[in-house]
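Here's the structure, in structure tokens; my notes come after.
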Amino acid sequence: MVRDAQPADLAAIQAIYAHHVQQGLASFEEQAPDVDEMRRRFDDIVARGLPYLVGCIGEAVAGYGYCAPYRARSAYRYVLEDSVYVDPAVQRRGTGRALLAALIERCTALGYRQLIAVIGDSAHAPSIGVHADAGFLRVGTMRSVGFKFGRWVDTVIMQRSLGAGDGSKPGSDPKAARD
């Protein structure tokens, strides 16, 4: 089940993210933020009217995902970047796919036109595959842009059109909903 994240979910969200920060290359952060910092980040996304979701197995939070502005400059106002993290104990059970599908649906309904995935580690086949299955195209690899766990790490950039994509001019300004 995918639903809107609530402040009560933040301890579980922080634990999932902390694992990925400390053990993986999906995030280029090297120190896991505490629950207060995760709350600040959550509040920022929600205040912008952007989706912040959790995927649950039963009552337990199994993963989370959100979309944030891709860049701050105004010409990027129709573009978002997705982030999806799944509890390692329940990976490969469809939580990430369900979260990504819900994010795509929500961002399309909000009038955004492009969704960007910035995937840490060019060898991160599960994330690359989930995004490809959701219609993202691999548009580039930035080689050796991160240094974590004693080695250089690539970033894969994937992109997916939302709604009419670049096939027409946007009719409304998603930035107005974010401000």
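Here's how to read the names in the structure tokens: chain A, B, ... by the order shown, residue numbers from 1 in each chain, ligand numbers from 1 in the order shown.
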Applying 12 Å and only C-alpha atoms, which residues near range 9-23 of chain A remain after dropping the ones on its own chain fewer than 6 positions away? List them as an mmCIF file with N, CA and C atoms, in the first residue's frame.
data_model
loop_
_atom_site.group_PDB
_atom_site.id
_atom_site.type_symbol
_atom_site.label_atom_id
_atom_site.label_comp_id
_atom_site.auth_asym_id
_atom_site.auth_seq_id
_atom_site.Cartn_x
_atom_site.Cartn_y
_atom_site.Cartn_z
ATOM 1 N N ARG A 3 0.828 5.402 0.533
ATOM 2 C CA ARG A 3 0.032 6.490 1.102
ATOM 3 C C ARG A 3 0.927 7.699 1.340
ATOM 4 N N GLU A 29 25.409 11.280 0.590
ATOM 5 C CA GLU A 29 25.655 11.754 1.947
ATOM 6 C C GLU A 29 26.531 10.713 2.630
ATOM 7 N N GLU A 30 27.375 11.169 3.538
ATOM 8 C CA GLU A 30 28.258 10.240 4.242
ATOM 9 C C GLU A 30 27.931 10.119 5.727
ATOM 10 N N GLN A 31 27.154 11.045 6.244
ATOM 11 C CA GLN A 31 26.681 11.000 7.627
ATOM 12 C C GLN A 31 25.158 11.002 7.579
ATOM 13 N N ALA A 32 24.550 10.019 8.193
ATOM 14 C CA ALA A 32 23.090 9.930 8.185
ATOM 15 C C ALA A 32 22.476 11.071 9.000
ATOM 16 N N PRO A 33 21.528 11.787 8.430
ATOM 17 C CA PRO A 33 20.854 12.837 9.189
ATOM 18 C C PRO A 33 19.968 12.233 10.276
ATOM 19 N N ASP A 34 19.758 12.992 11.340
ATOM 20 C CA ASP A 34 18.896 12.521 12.420
ATOM 21 C C ASP A 34 17.430 12.783 12.071
ATOM 22 N N VAL A 35 16.545 12.346 12.945
ATOM 23 C CA VAL A 35 15.107 12.475 12.690
ATOM 24 C C VAL A 35 14.700 13.941 12.567
ATOM 25 N N ASP A 36 15.292 14.827 13.346
ATOM 26 C CA ASP A 36 14.950 16.249 13.251
ATOM 27 C C ASP A 36 15.281 16.810 11.874
ATOM 28 N N GLU A 37 16.421 16.430 11.318
ATOM 29 C CA GLU A 37 16.781 16.894 9.975
ATOM 30 C C GLU A 37 15.857 16.275 8.928
ATOM 31 N N MET A 38 15.506 15.015 9.109
ATOM 32 C CA MET A 38 14.567 14.387 8.173
ATOM 33 C C MET A 38 13.205 15.073 8.246
ATOM 34 N N ARG A 39 12.811 15.507 9.430
ATOM 35 C CA ARG A 39 11.546 16.250 9.580
ATOM 36 C C ARG A 39 11.626 17.582 8.839
ATOM 37 N N ARG A 40 12.761 18.272 8.947
ATOM 38 C CA ARG A 40 12.920 19.545 8.242
ATOM 39 C C ARG A 40 12.789 19.331 6.737
ATOM 40 N N ARG A 41 13.428 18.288 6.228
ATOM 41 C CA ARG A 41 13.366 17.982 4.795
ATOM 42 C C ARG A 41 11.943 17.613 4.381
ATOM 43 N N PHE A 42 11.290 16.790 5.180
ATOM 44 C CA PHE A 42 9.902 16.393 4.931
ATOM 45 C C PHE A 42 9.009 17.631 4.877
ATOM 46 N N ASP A 43 9.119 18.489 5.886
ATOM 47 C CA ASP A 43 8.294 19.698 5.951
ATOM 48 C C ASP A 43 8.505 20.573 4.723
ATOM 49 N N TYR A 52 5.259 13.258 -0.980
ATOM 50 C CA TYR A 52 6.175 12.549 -0.085
ATOM 51 C C TYR A 52 5.375 11.343 0.403
ATOM 52 N N LEU A 53 5.757 10.169 -0.038
ATOM 53 C CA LEU A 53 4.948 8.965 0.141
ATOM 54 C C LEU A 53 5.695 7.883 0.915
ATOM 55 N N VAL A 54 4.944 6.989 1.525
ATOM 56 C CA VAL A 54 5.513 5.777 2.095
ATOM 57 C C VAL A 54 4.819 4.578 1.467
ATOM 58 N N GLY A 55 5.594 3.508 1.321
ATOM 59 C CA GLY A 55 5.053 2.220 0.909
ATOM 60 C C GLY A 55 5.039 1.339 2.139
ATOM 61 N N CYS A 56 3.912 0.707 2.407
ATOM 62 C CA CYS A 56 3.774 -0.102 3.610
ATOM 63 C C CYS A 56 3.508 -1.558 3.260
ATOM 64 N N GLU A 59 1.272 -2.721 8.362
ATOM 65 C CA GLU A 59 1.355 -1.392 8.979
ATOM 66 C C GLU A 59 2.772 -0.826 8.952
ATOM 67 N N ALA A 60 3.740 -1.650 8.583
ATOM 68 C CA ALA A 60 5.149 -1.238 8.645
ATOM 69 C C ALA A 60 5.566 -0.460 7.404
ATOM 70 N N VAL A 61 6.306 0.619 7.616
ATOM 71 C CA VAL A 61 6.870 1.399 6.510
ATOM 72 C C VAL A 61 7.994 0.573 5.887
ATOM 73 N N ALA A 62 7.824 0.234 4.613
ATOM 74 C CA ALA A 62 8.802 -0.592 3.901
ATOM 75 C C ALA A 62 9.682 0.241 2.984
ATOM 76 N N GLY A 63 9.294 1.473 2.732
ATOM 77 C CA GLY A 63 10.070 2.352 1.867
ATOM 78 C C GLY A 63 9.401 3.707 1.801
ATOM 79 N N TYR A 64 10.094 4.634 1.194
ATOM 80 C CA TYR A 64 9.523 5.967 1.032
ATOM 81 C C TYR A 64 10.073 6.594 -0.243
ATOM 82 N N GLY A 65 9.350 7.586 -0.719
ATOM 83 C CA GLY A 65 9.790 8.303 -1.910
ATOM 84 C C GLY A 65 9.185 9.691 -1.922
ATOM 85 N N TYR A 66 9.877 10.583 -2.577
ATOM 86 C CA TYR A 66 9.383 11.952 -2.688
ATOM 87 C C TYR A 66 9.955 12.570 -3.947
ATOM 88 N N SER A 83 13.263 10.626 -5.548
ATOM 89 C CA SER A 83 14.103 9.864 -4.622
ATOM 90 C C SER A 83 13.247 8.754 -4.037
ATOM 91 N N VAL A 84 13.733 7.527 -4.106
ATOM 92 C CA VAL A 84 13.016 6.374 -3.580
ATOM 93 C C VAL A 84 14.013 5.506 -2.816
ATOM 94 N N TYR A 85 13.662 5.136 -1.595
ATOM 95 C CA TYR A 85 14.502 4.278 -0.760
ATOM 96 C C TYR A 85 13.633 3.184 -0.147
ATOM 97 N N VAL A 86 14.140 1.958 -0.157
ATOM 98 C CA VAL A 86 13.394 0.815 0.355
ATOM 99 C C VAL A 86 14.199 0.148 1.469
ATOM 100 N N ASP A 87 13.489 -0.283 2.500
ATOM 101 C CA ASP A 87 14.108 -1.018 3.600
ATOM 102 C C ASP A 87 14.807 -2.248 3.015
ATOM 103 N N PRO A 88 16.091 -2.440 3.320
ATOM 104 C CA PRO A 88 16.820 -3.565 2.731
ATOM 105 C C PRO A 88 16.223 -4.924 3.068
ATOM 106 N N ALA A 89 15.485 -5.019 4.160
ATOM 107 C CA ALA A 89 14.884 -6.298 4.550
ATOM 108 C C ALA A 89 13.738 -6.710 3.630
ATOM 109 N N VAL A 90 13.200 -5.756 2.865
ATOM 110 C CA VAL A 90 12.053 -6.073 2.006
ATOM 111 C C VAL A 90 12.266 -5.631 0.553
ATOM 112 N N GLN A 91 13.506 -5.472 0.162
ATOM 113 C CA GLN A 91 13.778 -5.100 -1.224
ATOM 114 C C GLN A 91 13.342 -6.213 -2.170
ATOM 115 N N GLY A 120 22.890 7.095 -7.750
ATOM 116 C CA GLY A 120 24.261 6.892 -7.305
ATOM 117 C C GLY A 120 24.751 5.513 -7.707
ATOM 118 N N LYS A 148 33.190 7.964 -2.143
ATOM 119 C CA LYS A 148 32.583 7.393 -0.947
ATOM 120 C C LYS A 148 33.113 5.988 -0.757
ATOM 121 N N PHE A 149 33.310 5.603 0.479
ATOM 122 C CA PHE A 149 33.841 4.283 0.832
ATOM 123 C C PHE A 149 35.184 4.021 0.161
#
- Message: Considering only alpha helix (DSSP H) as DSSP defines it on the backbone, what residues of range 94-162 of chain A qualify? List them as a PyMOL selection string.
- Response: chain A and resi 95-109+125-133
Output file for the selection above: C-alpha atoms, as a PDB file, in the first residue's frame:
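Once everything was written out, this is out.pdb:
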ATOM      1  CA  THR A  95       7.703  -1.404  -2.905  1.00  0.00           C
ATOM      2  CA  GLY A  96      10.087   0.731  -4.961  1.00  0.00           C
ATOM      3  CA  ARG A  97       8.064   0.169  -8.144  1.00  0.00           C
ATOM      4  CA  ALA A  98       4.814   1.068  -6.389  1.00  0.00           C
ATOM      5  CA  LEU A  99       6.315   4.227  -4.903  1.00  0.00           C
ATOM      6  CA  LEU A 100       7.808   5.337  -8.217  1.00  0.00           C
ATOM      7  CA  ALA A 101       4.512   4.718 -10.068  1.00  0.00           C
ATOM      8  CA  ALA A 102       2.615   6.769  -7.476  1.00  0.00           C
ATOM      9  CA  LEU A 103       5.157   9.599  -7.674  1.00  0.00           C
ATOM     10  CA  ILE A 104       4.858   9.684 -11.471  1.00  0.00           C
ATOM     11  CA  GLU A 105       1.070   9.816 -11.219  1.00  0.00           C
ATOM     12  CA  ARG A 106       1.084  12.576  -8.591  1.00  0.00           C
ATOM     13  CA  CYS A 107       3.663  14.734 -10.393  1.00  0.00           C
ATOM     14  CA  THR A 108       1.806  14.403 -13.690  1.00  0.00           C
ATOM     15  CA  ALA A 109      -1.440  15.500 -12.006  1.00  0.00           C
ATOM     16  CA  ALA A 125      21.223  -2.210 -11.530  1.00  0.00           C
ATOM     17  CA  PRO A 126      18.051  -2.532  -9.386  1.00  0.00           C
ATOM     18  CA  SER A 127      17.404   1.219  -9.299  1.00  0.00           C
ATOM     19  CA  ILE A 128      18.344   1.688 -12.947  1.00  0.00           C
ATOM     20  CA  GLY A 129      16.041  -1.203 -13.874  1.00  0.00           C
ATOM     21  CA  VAL A 130      13.074   0.045 -11.842  1.00  0.00           C
ATOM     22  CA  HIS A 131      13.389   3.461 -13.456  1.00  0.00           C
ATOM     23  CA  ALA A 132      13.755   1.988 -16.958  1.00  0.00           C
ATOM     24  CA  ASP A 133      10.664  -0.161 -16.390  1.00  0.00           C
TER      25      ASP A 133
END
- Task: Could you please write out, as a ChimeraX atom specification, every residue of range 14-119 of chain A that DSSP assigns to strand (DSSP E or B)?
- Result: /A:52-57,60-69,79-86,114-119
- Message: Can you measure CA of Arg48 in chain A to CA of Val118 in chain A for me? One decimal in Å is fine.
- Response: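 Separation of CA of Arg48 in chain A and CA of Val118 in chain A: 20.5 Å.
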Tell me, as a PDB file with N, CA and C atoms, in the first residue's frame, which residues lie within 10 Å of Leu137 in chain A, counting only C-alpha atoms; anything in the same chain fewer than 5 positions away does not count.
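File produced: selection.pdb:
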ATOM      1  N   ILE A 116      13.372  13.604 -13.248  1.00  0.00           N
ATOM      2  CA  ILE A 116      14.781  13.224 -13.340  1.00  0.00           C
ATOM      3  C   ILE A 116      15.111  12.268 -12.196  1.00  0.00           C
ATOM      4  N   ALA A 117      15.878  11.243 -12.508  1.00  0.00           N
ATOM      5  CA  ALA A 117      16.423  10.344 -11.482  1.00  0.00           C
ATOM      6  C   ALA A 117      17.933  10.503 -11.511  1.00  0.00           C
ATOM      7  N   ILE A 128      18.362   1.372 -11.513  1.00  0.00           N
ATOM      8  CA  ILE A 128      18.344   1.688 -12.947  1.00  0.00           C
ATOM      9  C   ILE A 128      17.218   0.898 -13.626  1.00  0.00           C
ATOM     10  N   HIS A 131      13.661   2.221 -12.727  1.00  0.00           N
ATOM     11  CA  HIS A 131      13.389   3.461 -13.456  1.00  0.00           C
ATOM     12  C   HIS A 131      13.158   3.189 -14.942  1.00  0.00           C
ATOM     13  N   ALA A 132      13.943   2.328 -15.538  1.00  0.00           N
ATOM     14  CA  ALA A 132      13.755   1.988 -16.958  1.00  0.00           C
ATOM     15  C   ALA A 132      12.381   1.361 -17.163  1.00  0.00           C
ATOM     16  N   ILE A 157      22.147   9.464 -14.812  1.00  0.00           N
ATOM     17  CA  ILE A 157      21.028  10.385 -14.953  1.00  0.00           C
ATOM     18  C   ILE A 157      19.999   9.727 -15.867  1.00  0.00           C
ATOM     19  N   MET A 158      18.761   9.637 -15.367  1.00  0.00           N
ATOM     20  CA  MET A 158      17.667   9.099 -16.164  1.00  0.00           C
ATOM     21  C   MET A 158      16.544  10.136 -16.177  1.00  0.00           C
ATOM     22  N   GLN A 159      15.753  10.119 -17.248  1.00  0.00           N
ATOM     23  CA  GLN A 159      14.726  11.143 -17.423  1.00  0.00           C
ATOM     24  C   GLN A 159      13.465  10.520 -17.996  1.00  0.00           C
ATOM     25  N   ARG A 160      12.326  11.026 -17.535  1.00  0.00           N
ATOM     26  CA  ARG A 160      11.026  10.561 -18.022  1.00  0.00           C
ATOM     27  C   ARG A 160      10.121  11.762 -18.226  1.00  0.00           C
ATOM     28  N   SER A 161       9.470  11.808 -19.377  1.00  0.00           N
ATOM     29  CA  SER A 161       8.472  12.849 -19.610  1.00  0.00           C
ATOM     30  C   SER A 161       7.229  12.550 -18.793  1.00  0.00           C
TER      31      SER A 161
END
- Item | For CA of Cys67 in chain A and CA of Pro7 in chain A, the interatomic separation in Å (one decimal) |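 For CA of Cys67 in chain A relative to CA of Pro7 in chain A, the distance reads 16.8 Å.
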- What is the distance between CA of Gln6 in chain A and CA of Ile45 in chain A, in Å to one decimal?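 CA of Ile45 in chain A lies at a distance of 12.2 Å from CA of Gln6 in chain A.
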- Message: I want to know what sits within 9 Å of range 69-73 of chain A, based on only C-alpha atoms, with residues of the same chain fewer than 4 positions away left out; could you give that as a ChimeraX atom specification?
- Response: /A:45,50,77-82,115-116,178
Preceding selection exported with C-alpha atoms as a PDB file, in the first residue's frame:
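Final file, out.pdb:
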ATOM      1  CA  ILE A  45       8.758  19.022   0.450  1.00  0.00           C
ATOM      2  CA  LEU A  50       5.016  17.996  -3.637  1.00  0.00           C
ATOM      3  CA  ARG A  77      10.046  24.919 -12.639  1.00  0.00           C
ATOM      4  CA  TYR A  78       8.387  22.075 -14.595  1.00  0.00           C
ATOM      5  CA  VAL A  79      11.068  19.526 -13.659  1.00  0.00           C
ATOM      6  CA  LEU A  80      11.315  17.428 -10.504  1.00  0.00           C
ATOM      7  CA  GLU A  81      13.818  14.891  -9.194  1.00  0.00           C
ATOM      8  CA  ASP A  82      12.600  11.679  -7.595  1.00  0.00           C
ATOM      9  CA  LEU A 115      11.071  13.761 -13.901  1.00  0.00           C
ATOM     10  CA  ILE A 116      14.781  13.224 -13.340  1.00  0.00           C
ATOM     11  CA  ARG A 178       5.583  25.342  -4.582  1.00  0.00           C
TER      12      ARG A 178
END
- Shortest contact to Pro170 in chain A, candidates A:Gly24, A:Gly135, A:Gly140, A:Gly111, atoms counted only C-alpha atoms, goes to A:Gly111
